[in-house]
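Raw contents of entry_29.cif, mmCIF, C-alpha atoms and all ligand atoms:
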```cif
data_upload
#
loop_
_atom_site.label_atom_id
_atom_site.label_comp_id
_atom_site.auth_asym_id
_atom_site.auth_seq_id
_atom_site.Cartn_x
_atom_site.Cartn_y
_atom_site.Cartn_z
CA MET A 40 0.00 0.00 0.00
CA LYS A 41 1.02 3.59 -0.53
CA VAL A 42 1.27 6.25 2.15
CA LEU A 43 1.52 10.01 1.68
CA VAL A 44 3.19 12.11 4.40
CA ILE A 45 2.69 15.88 4.29
CA GLY A 46 5.53 18.07 5.53
CA GLY A 47 9.28 18.20 5.20
CA GLY A 48 10.93 18.47 8.61
CA GLY A 49 12.53 16.17 11.15
CA ARG A 50 9.18 14.96 12.45
CA GLU A 51 8.07 14.01 8.95
CA HIS A 52 11.37 12.25 8.24
CA THR A 53 10.78 10.18 11.39
CA LEU A 54 7.20 9.37 10.36
CA VAL A 55 8.41 8.31 6.90
CA TRP A 56 11.21 6.20 8.42
CA LYS A 57 8.82 4.42 10.77
CA LEU A 58 6.05 3.91 8.19
CA GLN A 59 8.59 2.39 5.79
CA GLN A 60 9.20 -0.33 8.39
CA SER A 61 5.64 -1.62 8.03
CA PRO A 62 5.44 -4.78 5.90
CA LYS A 63 2.13 -3.45 4.57
CA VAL A 64 3.67 -0.28 3.16
CA ASP A 65 5.15 -0.61 -0.32
CA GLU A 66 5.85 3.03 -0.93
CA VAL A 67 5.96 6.27 1.05
CA ILE A 68 5.56 9.55 -0.80
CA CYS A 69 6.38 12.78 0.98
CA ALA A 70 5.11 16.24 0.06
CA PRO A 71 7.48 18.02 -0.13
CA GLY A 72 9.85 15.79 1.89
CA ASN A 73 13.56 16.47 2.38
CA PRO A 74 16.87 14.93 1.25
CA GLY A 75 17.04 12.59 4.24
CA MET A 76 14.06 10.62 2.96
CA SER A 77 16.06 9.01 0.22
CA GLU A 78 13.75 6.02 -0.13
CA ALA A 79 10.59 8.10 -0.24
CA ARG A 80 9.33 9.67 -3.45
CA ALA A 81 9.12 13.45 -3.25
CA CYS A 82 5.97 15.22 -4.37
CA PRO A 83 6.14 18.98 -4.93
CA ILE A 84 2.40 19.69 -4.57
CA THR A 85 1.34 21.90 -1.63
CA ALA A 86 -2.27 23.00 -2.30
CA PRO A 87 -4.71 20.82 -0.27
CA ASP A 88 -7.18 20.21 -3.11
CA GLU A 89 -4.36 19.25 -5.49
CA LEU A 90 -2.90 16.95 -2.85
CA ALA A 91 -6.30 15.28 -2.47
CA GLU A 92 -6.49 14.80 -6.25
CA PHE A 93 -2.99 13.35 -6.19
CA ALA A 94 -3.91 10.98 -3.33
CA ALA A 95 -6.99 9.78 -5.22
CA ARG A 96 -5.04 9.35 -8.47
CA GLU A 97 -2.17 7.47 -6.77
CA ASN A 98 -4.53 5.28 -4.77
CA ILE A 99 -2.96 6.37 -1.48
CA ALA A 100 -4.16 4.15 1.39
CA LEU A 101 -3.33 6.65 4.13
CA THR A 102 -2.28 10.31 4.24
CA VAL A 103 -0.53 11.59 7.38
CA VAL A 104 -0.30 15.33 8.05
CA GLY A 105 2.83 16.42 9.93
CA PRO A 106 2.51 20.17 10.64
CA GLU A 107 -0.32 22.12 12.23
CA ALA A 108 -0.79 24.75 9.51
CA PRO A 109 -2.46 22.47 6.91
CA LEU A 110 -4.61 20.90 9.66
CA CYS A 111 -5.83 24.32 10.79
CA ALA A 112 -6.43 25.24 7.14
CA GLY A 113 -8.75 22.26 6.76
CA ILE A 114 -6.80 19.75 4.69
CA VAL A 115 -8.52 16.88 6.52
CA ASP A 116 -11.95 18.24 5.56
CA THR A 117 -10.84 18.41 1.92
CA PHE A 118 -9.61 14.80 1.92
CA ARG A 119 -12.60 13.40 3.82
CA ALA A 120 -15.03 15.11 1.45
CA LYS A 121 -13.43 12.98 -1.29
CA GLY A 122 -13.63 9.82 0.82
CA LEU A 123 -9.85 9.66 1.33
CA ARG A 124 -8.30 8.24 4.49
CA ILE A 125 -6.33 10.96 6.31
CA PHE A 126 -4.81 11.02 9.80
CA GLY A 127 -5.52 14.19 11.79
CA PRO A 128 -8.34 16.35 13.10
CA ASP A 129 -10.57 18.41 10.84
CA ALA A 130 -10.36 22.22 10.89
CA GLU A 131 -12.72 22.47 13.83
CA GLY A 132 -10.70 20.05 15.98
CA ALA A 133 -7.45 21.71 14.89
CA GLN A 134 -8.66 24.89 16.60
CA LEU A 135 -7.42 23.29 19.81
CA GLU A 136 -3.96 24.25 18.59
CA GLY A 137 -4.88 27.07 16.23
CA SER A 138 -6.56 29.19 18.88
CA LYS A 139 -5.29 29.29 22.43
CA SER A 140 -8.50 30.94 23.64
CA TYR A 141 -10.54 28.14 22.02
CA ALA A 142 -8.32 25.59 23.79
CA LYS A 143 -8.70 27.39 27.11
CA ALA A 144 -12.48 27.44 26.77
CA PHE A 145 -12.44 23.71 25.91
CA MET A 146 -10.33 22.93 28.98
CA ALA A 147 -12.55 25.02 31.23
CA ALA A 148 -15.71 23.37 29.89
CA HIS A 149 -14.37 19.86 30.38
CA GLY A 150 -12.48 20.18 33.66
CA ILE A 151 -8.99 19.77 32.23
CA PRO A 152 -6.48 21.34 34.64
CA THR A 153 -4.67 24.37 33.21
CA GLY A 154 -3.35 27.76 34.32
CA THR A 155 -5.81 30.60 34.73
CA ALA A 156 -5.78 32.97 31.80
CA LYS A 157 -7.64 35.93 30.42
CA SER A 158 -7.86 36.92 26.79
CA PHE A 159 -7.81 40.43 25.36
CA THR A 160 -8.48 41.95 21.97
CA ASN A 161 -7.52 45.43 23.07
CA GLU A 162 -4.07 46.62 24.17
CA GLY A 163 -5.35 49.10 26.78
CA ASP A 164 -7.41 46.49 28.60
CA ALA A 165 -4.52 44.02 28.52
CA LEU A 166 -2.08 46.57 29.97
CA ASP A 167 -4.57 47.59 32.63
CA TYR A 168 -5.02 43.94 33.68
CA LEU A 169 -1.24 43.43 33.67
CA SER A 170 -0.69 46.32 36.05
CA ARG A 171 -2.73 44.43 38.66
CA GLN A 172 -0.87 41.07 38.31
CA SER A 173 2.21 39.75 40.02
CA MET A 174 5.25 38.64 38.05
CA PRO A 175 6.39 36.39 36.42
CA ILE A 176 3.49 36.09 34.00
CA VAL A 177 3.02 34.57 30.54
CA VAL A 178 1.89 36.51 27.46
CA LYS A 179 0.66 34.47 24.48
CA ALA A 180 -0.39 35.46 20.98
CA ASP A 181 -3.66 33.61 20.41
CA GLY A 182 -3.05 32.03 17.00
CA LEU A 183 -0.30 30.02 15.32
CA ALA A 184 3.05 31.76 15.69
CA ALA A 185 5.51 28.92 14.94
CA GLY A 186 6.36 28.47 18.61
CA LYS A 187 7.44 32.10 18.97
CA GLY A 188 4.22 33.60 20.29
CA VAL A 189 4.80 32.79 23.98
CA ILE A 190 6.74 35.12 26.26
CA VAL A 191 7.44 34.15 29.86
CA ALA A 192 7.90 37.62 31.36
CA GLU A 193 9.97 37.95 34.54
CA THR A 194 9.21 41.64 34.97
CA GLU A 195 6.25 43.89 34.28
CA ALA A 196 8.33 45.81 31.73
CA MET A 197 8.91 42.59 29.78
CA ALA A 198 5.23 41.73 29.94
CA VAL A 199 4.22 45.20 28.75
CA GLU A 200 6.65 44.94 25.86
CA ALA A 201 5.29 41.49 24.96
CA VAL A 202 1.69 42.72 24.95
CA LYS A 203 2.64 45.72 22.81
CA SER A 204 4.58 43.65 20.33
CA CYS A 205 1.66 41.21 19.94
CA PHE A 206 -0.78 44.02 19.23
CA SER A 207 1.73 45.77 16.94
CA GLY A 208 1.35 42.87 14.53
CA VAL A 209 4.71 41.05 14.70
CA PHE A 210 2.78 37.76 14.84
CA GLY A 211 0.30 38.88 12.18
CA GLU A 212 -3.31 37.82 12.78
CA ALA A 213 -2.08 35.49 15.54
CA GLY A 214 -1.41 38.51 17.77
CA SER A 215 -4.75 40.25 17.42
CA THR A 216 -5.95 38.38 20.50
CA VAL A 217 -3.58 38.08 23.45
CA LEU A 218 -3.80 35.73 26.42
CA ILE A 219 -2.28 36.66 29.75
CA GLU A 220 -1.71 33.52 31.75
CA GLU A 221 -0.59 32.55 35.20
CA CYS A 222 3.05 31.39 35.18
CA LEU A 223 3.21 27.72 36.15
CA ILE A 224 6.27 26.36 37.89
CA GLY A 225 7.47 22.80 37.50
CA GLU A 226 8.94 20.35 35.04
CA GLU A 227 7.40 19.92 31.59
CA ALA A 228 6.46 16.71 29.82
CA SER A 229 5.04 16.02 26.39
CA ILE A 230 2.06 13.69 26.48
CA LEU A 231 0.96 12.37 23.09
CA ALA A 232 -1.96 10.05 22.49
CA LEU A 233 -3.79 8.56 19.53
CA THR A 234 -7.55 8.87 19.48
CA ASP A 235 -10.19 7.65 17.07
CA GLY A 236 -12.93 9.55 18.89
CA LYS A 237 -13.96 6.42 20.84
CA VAL A 238 -10.83 5.49 22.83
CA ILE A 239 -7.58 7.25 23.59
CA VAL A 240 -4.24 5.43 23.59
CA PRO A 241 -1.22 7.21 25.07
CA LEU A 242 2.18 7.05 23.38
CA ALA A 243 5.40 6.85 25.39
CA SER A 244 6.12 9.98 27.44
CA SER A 245 8.83 12.39 26.39
CA GLN A 246 10.37 15.73 27.21
CA ASP A 247 11.81 18.30 24.88
CA HIS A 248 14.28 21.13 25.46
CA LYS A 249 12.81 24.36 24.14
CA ARG A 250 15.50 26.86 25.12
CA VAL A 251 18.52 27.33 22.90
CA GLY A 252 21.11 27.28 25.69
CA GLU A 253 22.43 24.69 28.10
CA GLY A 254 20.73 24.66 31.48
CA ASP A 255 17.52 25.79 29.72
CA THR A 256 18.70 29.34 29.15
CA GLY A 257 18.24 31.81 26.29
CA PRO A 258 15.33 32.22 23.92
CA ASN A 259 12.79 29.53 23.02
CA THR A 260 13.34 27.50 19.87
CA GLY A 261 11.33 24.87 18.03
CA GLY A 262 13.15 22.34 20.28
CA MET A 263 16.85 21.51 20.68
CA GLY A 264 16.46 17.87 21.63
CA ALA A 265 14.16 15.36 23.29
CA TYR A 266 14.19 12.10 25.14
CA SER A 267 11.74 9.33 25.91
CA PRO A 268 10.54 8.17 28.36
CA ALA A 269 10.43 11.19 30.70
CA PRO A 270 11.06 9.92 34.26
CA VAL A 271 9.08 12.88 35.63
CA VAL A 272 5.99 11.02 34.37
CA THR A 273 5.88 8.33 37.04
CA ASP A 274 3.24 5.59 37.05
CA ALA A 275 1.27 7.57 39.62
CA LEU A 276 1.39 10.69 37.47
CA TRP A 277 0.35 8.72 34.37
CA LYS A 278 -2.77 7.69 36.25
CA VAL A 279 -3.66 11.31 36.98
CA ILE A 280 -2.86 12.42 33.42
CA ASN A 281 -4.98 9.62 31.97
CA GLU A 282 -7.93 10.61 34.11
CA GLN A 283 -7.67 14.38 34.17
CA VAL A 284 -6.22 15.14 30.77
CA LEU A 285 -6.67 12.32 28.25
CA ASP A 286 -10.05 10.92 29.31
CA ARG A 287 -11.49 14.38 29.80
CA PHE A 288 -10.13 15.38 26.41
CA LEU A 289 -11.88 12.45 24.76
CA LYS A 290 -15.16 13.07 26.60
CA GLY A 291 -14.89 16.76 25.73
CA CYS A 292 -14.52 15.98 22.02
CA GLN A 293 -17.53 13.68 22.20
CA ALA A 294 -19.62 16.24 24.08
CA ASP A 295 -18.68 19.04 21.68
CA GLY A 296 -19.15 16.87 18.59
CA LEU A 297 -15.52 17.26 17.50
CA ASP A 298 -14.37 14.74 14.88
CA PHE A 299 -10.88 14.26 16.26
CA ARG A 300 -9.11 11.25 14.75
CA GLY A 301 -5.37 11.68 15.01
CA VAL A 302 -2.77 12.49 17.61
CA ILE A 303 -3.33 14.91 20.47
CA TYR A 304 -0.27 16.33 22.17
CA ALA A 305 -0.70 17.92 25.59
CA GLY A 306 2.21 20.03 26.78
CA VAL A 307 1.96 19.44 30.52
CA MET A 308 3.57 21.28 33.42
CA VAL A 309 4.01 19.00 36.41
CA THR A 310 3.32 21.44 39.23
CA GLU A 311 3.07 20.95 43.00
CA ASP A 312 -0.71 20.89 42.48
CA GLY A 313 -0.53 18.18 39.83
CA PRO A 314 -0.32 18.23 36.04
CA LYS A 315 -1.59 21.31 34.21
CA VAL A 316 -1.93 21.61 30.47
CA LEU A 317 0.12 24.44 28.95
CA GLU A 318 -1.16 23.90 25.45
CA PHE A 319 -2.68 21.37 23.10
CA ASN A 320 -1.09 20.53 19.78
CA VAL A 321 -3.02 18.52 17.23
CA ARG A 322 0.00 16.82 15.62
CA PHE A 323 3.16 15.00 16.58
CA GLY A 324 5.82 16.94 18.49
CA ASP A 325 9.04 17.96 16.85
CA PRO A 326 11.60 16.79 18.05
CA GLU A 327 9.69 14.50 20.46
CA THR A 328 8.72 12.23 17.54
CA GLN A 329 12.42 11.66 16.82
CA ALA A 330 12.76 10.21 20.35
CA ILE A 331 9.37 8.46 20.64
CA LEU A 332 8.99 6.53 17.38
CA PRO A 333 12.39 4.81 17.53
CA ARG A 334 11.02 3.09 20.67
CA LEU A 335 7.75 1.96 19.07
CA GLU A 336 7.76 -1.76 18.33
CA SER A 337 4.23 -1.88 16.89
CA ASP A 338 3.34 -1.17 13.30
CA LEU A 339 2.70 2.58 12.99
CA PHE A 340 0.74 2.16 9.75
CA ASP A 341 -1.72 -0.22 11.44
CA ALA A 342 -2.10 2.12 14.41
CA MET A 343 -2.76 5.13 12.18
CA VAL A 344 -5.26 3.30 10.01
CA ALA A 345 -7.07 2.13 13.16
CA THR A 346 -7.09 5.73 14.40
CA VAL A 347 -8.80 6.98 11.26
CA ASP A 348 -11.12 4.00 10.85
CA GLY A 349 -12.33 4.00 14.46
CA THR A 350 -10.89 0.60 15.42
CA LEU A 351 -8.24 1.78 17.85
CA GLU A 352 -9.75 -0.23 20.67
CA GLN A 353 -8.32 -3.36 19.03
CA THR A 354 -4.83 -1.86 18.83
CA GLU A 355 -2.18 -2.36 21.46
CA LEU A 356 1.05 -0.42 21.23
CA THR A 357 4.25 -1.99 22.50
CA TRP A 358 7.39 -0.05 23.32
CA ALA A 359 11.05 -0.93 23.70
CA ASP A 360 12.25 -0.44 27.27
CA ASP A 361 15.38 1.21 25.96
CA PRO A 362 15.29 4.98 26.34
CA ALA A 363 15.97 7.14 23.29
CA VAL A 364 17.66 10.53 23.09
CA CYS A 365 17.52 12.94 20.14
CA VAL A 366 19.99 15.83 19.90
CA VAL A 367 19.26 18.59 17.40
CA VAL A 368 22.22 20.05 15.51
CA ALA A 369 21.48 23.64 14.49
CA SER A 370 22.92 26.47 12.41
CA GLY A 371 24.99 29.08 14.27
CA GLY A 372 22.78 32.06 15.11
CA TYR A 373 19.53 30.07 15.39
CA PRO A 374 16.88 30.98 16.62
CA GLY A 375 18.04 34.37 15.31
CA PRO A 376 19.38 34.92 11.77
CA TYR A 377 21.71 32.22 10.43
CA ALA A 378 23.52 31.33 7.19
CA LYS A 379 22.39 28.52 4.88
CA GLY A 380 24.18 26.47 2.27
CA HIS A 381 27.05 25.03 4.33
CA VAL A 382 28.14 21.49 3.42
CA ILE A 383 27.35 19.02 6.20
CA GLU A 384 30.11 16.54 7.08
CA GLY A 385 29.94 13.31 9.02
CA ILE A 386 26.35 12.05 8.69
CA GLY A 387 27.64 8.65 7.54
CA ASP A 388 30.06 8.50 10.47
CA ALA A 389 27.25 9.17 12.91
CA GLU A 390 25.17 6.42 11.30
CA ALA A 391 28.13 4.03 11.47
CA LEU A 392 28.14 4.66 15.22
CA GLY A 393 24.55 3.40 15.41
CA ALA A 394 22.69 6.71 15.29
CA THR A 395 19.65 7.43 13.18
CA VAL A 396 20.03 10.84 11.59
CA PHE A 397 16.75 12.59 10.83
CA HIS A 398 16.93 15.54 8.46
CA ALA A 399 15.03 18.74 9.19
CA GLY A 400 16.48 21.78 7.40
CA THR A 401 18.69 20.23 4.72
CA SER A 402 18.98 20.51 0.98
CA THR A 403 21.24 19.14 -1.76
CA ASP A 404 23.65 21.25 -3.84
CA GLU A 405 24.62 20.82 -7.50
CA ASP A 406 27.47 18.46 -6.57
CA GLY A 407 25.15 16.22 -4.58
CA ASN A 408 26.40 17.39 -1.18
CA THR A 409 23.93 17.63 1.67
CA ILE A 410 23.85 21.26 2.75
CA THR A 411 22.16 23.26 5.48
CA ALA A 412 18.86 24.91 4.62
CA GLY A 413 17.32 25.82 7.97
CA GLY A 414 17.89 26.65 11.63
CA ARG A 415 17.34 23.17 13.03
CA VAL A 416 19.20 21.02 10.53
CA LEU A 417 19.45 17.47 11.88
CA GLY A 418 18.04 15.38 14.72
CA VAL A 419 20.40 12.61 15.80
CA THR A 420 18.81 9.78 17.79
CA CYS A 421 20.26 6.82 19.68
CA ARG A 422 18.70 4.27 21.95
CA GLY A 423 20.61 2.77 24.86
CA GLU A 424 20.08 0.21 27.60
CA THR A 425 19.89 3.07 30.07
CA ILE A 426 19.36 6.78 29.61
CA ARG A 427 23.06 7.32 30.42
CA ASP A 428 24.01 4.82 27.75
CA ALA A 429 21.73 6.52 25.20
CA ILE A 430 23.22 9.93 26.06
CA GLU A 431 26.79 8.63 25.63
CA ARG A 432 25.99 7.01 22.31
CA VAL A 433 24.14 9.96 20.87
CA TYR A 434 26.87 12.44 21.78
CA ALA A 435 29.57 10.21 20.29
CA ALA A 436 27.59 10.28 17.05
CA VAL A 437 26.78 14.00 17.20
CA GLU A 438 30.48 14.86 17.68
CA SER A 439 31.22 13.41 14.26
CA ILE A 440 28.78 15.77 12.48
CA SER A 441 29.75 19.33 11.66
CA TRP A 442 29.54 22.24 9.28
CA ARG A 443 30.64 25.83 9.61
CA ASP A 444 29.17 27.30 12.84
CA SER A 445 27.05 24.23 13.67
CA PHE A 446 26.09 23.83 17.33
CA PHE A 447 24.07 21.63 19.67
CA ARG A 448 23.18 21.54 23.34
CA ARG A 449 25.41 19.25 25.38
CA ASP A 450 22.90 18.63 28.15
CA ILE A 451 19.99 16.94 26.38
CA ALA A 452 18.30 14.40 28.70
CA HIS A 453 20.52 15.26 31.66
CA ARG A 454 17.48 15.96 33.79
CA ALA A 455 16.53 12.32 33.37
CA LEU A 456 19.78 11.39 35.18
CA ASP A 457 18.89 13.32 38.36
P1 LIG B 501 3.10 26.86 24.47
O1 LIG B 501 3.33 27.16 23.02
O2 LIG B 501 1.85 27.42 25.02
O3 LIG B 501 3.39 25.44 24.87
O4 LIG B 501 4.30 27.58 25.21
C1 LIG B 501 5.65 27.31 24.87
C2 LIG B 501 6.46 27.18 26.12
O5 LIG B 501 6.30 28.33 26.94
C3 LIG B 501 6.03 26.02 27.00
O6 LIG B 501 6.59 24.81 26.59
C4 LIG B 501 6.54 26.48 28.34
O7 LIG B 501 7.94 26.26 28.45
C5 LIG B 501 6.29 27.96 28.31
N1 LIG B 501 4.97 28.25 28.90
C6 LIG B 501 3.79 28.34 28.26
N2 LIG B 501 2.79 28.61 29.12
C7 LIG B 501 3.35 28.70 30.33
C8 LIG B 501 2.83 28.97 31.65
N3 LIG B 501 1.55 29.22 31.88
N4 LIG B 501 3.70 28.96 32.67
C9 LIG B 501 5.02 28.73 32.46
N5 LIG B 501 5.57 28.49 31.26
C10 LIG B 501 4.75 28.47 30.21
N1 LIG B 502 8.43 20.28 20.57
C1 LIG B 502 7.38 21.19 20.67
C2 LIG B 502 6.38 21.10 19.60
O1 LIG B 502 6.42 20.23 18.76
O2 LIG B 502 5.49 21.94 19.60
#
```
Rewrite the coordinates I just gave you, this time as structure tokens.
Ligand code: AMP
Ligand code: GLY
Amino acid sequence: MKVLVIGGGGREHTLVWKLQQSPKVDEVICAPGNPGMSEARACPITAPDELAEFAARENIALTVVGPEAPLCAGIVDTFRAKGLRIFGPDAEGAQLEGSKSYAKAFMAAHGIPTGTAKSFTNEGDALDYLSRQSMPIVVKADGLAAGKGVIVAETEAMAVEAVKSCFSGVFGEAGSTVLIEECLIGEEASILALTDGKVIVPLASSQDHKRVGEGDTGPNTGGMGAYSPAPVVTDALWKVINEQVLDRFLKGCQADGLDFRGVIYAGVMVTEDGPKVLEFNVRFGDPETQAILPRLESDLFDAMVATVDGTLEQTELTWADDPAVCVVVASGGYPGPYAKGHVIEGIGDAEALGATVFHAGTSTDEDGNTITAGGRVLGVTCRGETIRDAIERVYAAVESISWRDSFFRRDIAHRALD
């Protein structure tokens, strides 16, 4: 059978890599894909209706959407209207990620624990409210802002600046509504689960590293590395998360009539008062996927088909005990401005050391060299018998990769050692 994966980053490379392992999958096509997916056919189409025509013409058995933007734009609705099997929520369900105020209202209505927040469409009202709050506080642009629309403000001056910059339009439409949210203290975990609208099946826990600098310092990025499982999610905490987050999410979708058949990702803060949801994403995490899927022993294609077809109850996912660690190698300057086009050395050496190298921002030059084409360029993953073992292996592999001004964090997964 043929599978179509939409997207072209590290998460999509990992999805392609895992789907190719299914004995039922003859061919994976990726739109647009990237040079790391050498065994997948690339498809240059981007418009949803043209992709749906392509999927019908090619007799695609399953389409998987990687990023949030096409989900929020309604690609699932387009495919389903043509009777095509596609993994992901429709545009209405995707609002859980596309609008933070929608997600907050959903959580409030269905008793899902989260920080208290207030939303504003007017700068004056937001600033007035801010002047009566204690710091730190969190300012969020309401819509999609590629992970850059959240500012954790230590001081009132920072918060004021954040509110003003949202309303000044730096995040486009996304900033026309602003949420001011209580700052939650604790350790974060990424909780992903498959749901077919009838049952909800958690994936292995993970944790990512959002800040650019070691010791979780500096500005937020799309994610500098991840590991799975996250020891902060103990068996006791899983029980609470299953009850208070995942089950309530499923019941909420049913009560609201949301057709959510895909993966839900809850960013959870483990606070002294229990887990609280920071945000919902309606797609796989990046780079969490690069640490989670290498531990999945079950057939991902089967699980995704069951998710779309409503037969997830019959699916059991099994996981390798071995932890996995993914270290992102990035372009110097990221998340600020950075150069592109540098030749990447050492990918083969890293693979020879047992690592799986997932491409994110890469391209190929005229001479066939793999070159840098983005901020986050590669995700290098290793499994190990213990987390320490996985860390040692992954860093041995990462050390062999370089290009001009490349960098990576040296402390990925270290919290799991504590
Ligand atoms: P979000 O896109 O809402 O997940 O926010 C991105 C990151 O900002 C999160 O992963 C947290 O590190 C941080 N963050 C978001 N909301 C809060 C909050 N209420 N309290 C503390 N940190 C937060
Ligand atoms: N790793 C964070 C995200 O995928 O949103």
- Item | Residues within 7 Å of (-3.9, 31.8, 28.5), file coords, all atoms listed in the file, listed as an NGL selection string | :A and (139-140 or 143 or 155-158 or 179 or 218-220)
- Fewer than 6 positions away in the same chain doesn't count, so skip those; otherwise give me all residues within 10 Å of Asp325 (chain A), counting all atoms listed in the file, as a ChimeraX atom specification. /A:48-51,53,105-106,247,261-265,399,418
Tell me, as a short mmCIF file (atom, residue, chain, number, x, y, z; two decimals) with C-alpha atoms, in the frame of the given file, which residues lie within 7 Å of Thr346 (chain A), counting all atoms listed in the file; anything in the same chain fewer than 5 positions away does not count.
```cif
data_model
loop_
_atom_site.label_atom_id
_atom_site.label_comp_id
_atom_site.auth_asym_id
_atom_site.auth_seq_id
_atom_site.Cartn_x
_atom_site.Cartn_y
_atom_site.Cartn_z
CA LEU A 233 -3.79 8.56 19.53
CA THR A 234 -7.55 8.87 19.48
CA ASP A 235 -10.19 7.65 17.07
CA ARG A 300 -9.11 11.25 14.75
CA GLY A 301 -5.37 11.68 15.01
CA LEU A 351 -8.24 1.78 17.85
#
```
- Task: Using only C-alpha atoms and all ligand atoms, determine which residues fall within 10 Å of ligand LIG 502 (chain B), then list them as a PyMOL selection string.
- Result: chain A and resi 50+106-107+136+185-186+229+245-249+260-265+304-306+318-328
- Check the smallest atom-to-atom distance from each of A:Val279, A:Met343, A:Ala269, A:Ala130 to Val42 (chain A) using only C-alpha atoms, then report the winner.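 Of A:Val279, A:Met343, A:Ala269, A:Ala130, the one nearest Val42 (chain A) is A:Met343, counting only C-alpha atoms.
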- Task: Have a look at CA of Ala391 (chain A) and CA of Asp444 (chain A) and let me know their distance in Å, one decimal.
- Result: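 Between these atoms lies a distance of 23.3 Å.
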- Hey, which of A:Tyr373, A:Ile151, A:Arg334, A:Thr256 ends up closest to Asn281 (chain A)? Count all atoms listed in the file. A:Ile151
- Task: Give the answer as one residue: which of A:Ala455, A:Ala294, A:Val382, A:Val251 has the shortest atom-to-atom distance to Ile440 (chain A), using all atoms listed in the file?
- Result: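 Among the listed residues, A:Val382 lies closest to Ile440 (chain A).
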- CA of Ala359 (chain A) and CA of Tyr266 (chain A) are how many Å apart? 13.5 Å
Fewer than 5 positions away in the same chain doesn't count, so skip those; otherwise give me all residues within 9 Å of Gly400 (chain A), counting only C-alpha atoms, as a JSON list (two decimals) with C-alpha atoms, keeping the file's coordinate frame.
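File out.json, as written:
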```
[["chain", "number", "residue", "atom", "x", "y", "z"],
["A", 47, "GLY", "CA", 9.28, 18.20, 5.20],
["A", 48, "GLY", "CA", 10.93, 18.47, 8.61],
["A", 49, "GLY", "CA", 12.53, 16.17, 11.15],
["A", 73, "ASN", "CA", 13.56, 16.47, 2.38],
["A", 369, "ALA", "CA", 21.48, 23.64, 14.49],
["A", 410, "ILE", "CA", 23.85, 21.26, 2.75],
["A", 411, "THR", "CA", 22.16, 23.26, 5.48],
["A", 412, "ALA", "CA", 18.86, 24.91, 4.62],
["A", 413, "GLY", "CA", 17.32, 25.82, 7.97],
["A", 414, "GLY", "CA", 17.89, 26.65, 11.63],
["A", 415, "ARG", "CA", 17.34, 23.17, 13.03],
["A", 416, "VAL", "CA", 19.20, 21.02, 10.53],
["A", 417, "LEU", "CA", 19.45, 17.47, 11.88]]
```
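Surrounding residues of (4.6, 44.0, 37.7) at most 12 Å away are A:Leu166, A:Asp167, A:Tyr168, A:Leu169, A:Ser170, A:Arg171, A:Gln172, A:Ser173, A:Met174, A:Pro175, A:Ile176, A:Val177, A:Ala192, A:Glu193, A:Thr194, A:Glu195, A:Ala196, A:Met197, A:Ala198, A:Val199 (based on all atoms listed in the file).
Taking CA of Val178 (chain A) and CA of Gly225 (chain A) as the two end points, the separation is 17.9 Å.
Distances here use only C-alpha atoms and all ligand atoms; by that measure, the residue among A:Lys315, A:Lys237, A:Lys278, A:Lys41 closest to ligand LIG 501 (chain B) is A:Lys315.
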- Task: Rank nothing, just name the residue among A:Pro376, A:Gly371, A:Gly313, A:Gly137 nearest to Gly182 (chain A), using only C-alpha atoms.
- Result: A:Gly137
- Item | Nearest to Val64 (chain A) by atom-to-atom distance, counting all atoms listed in the file, from A:Leu223, A:Ala133, A:Val344, A:Ala81 |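 For Val64 (chain A), the nearest of the candidates is A:Val344.
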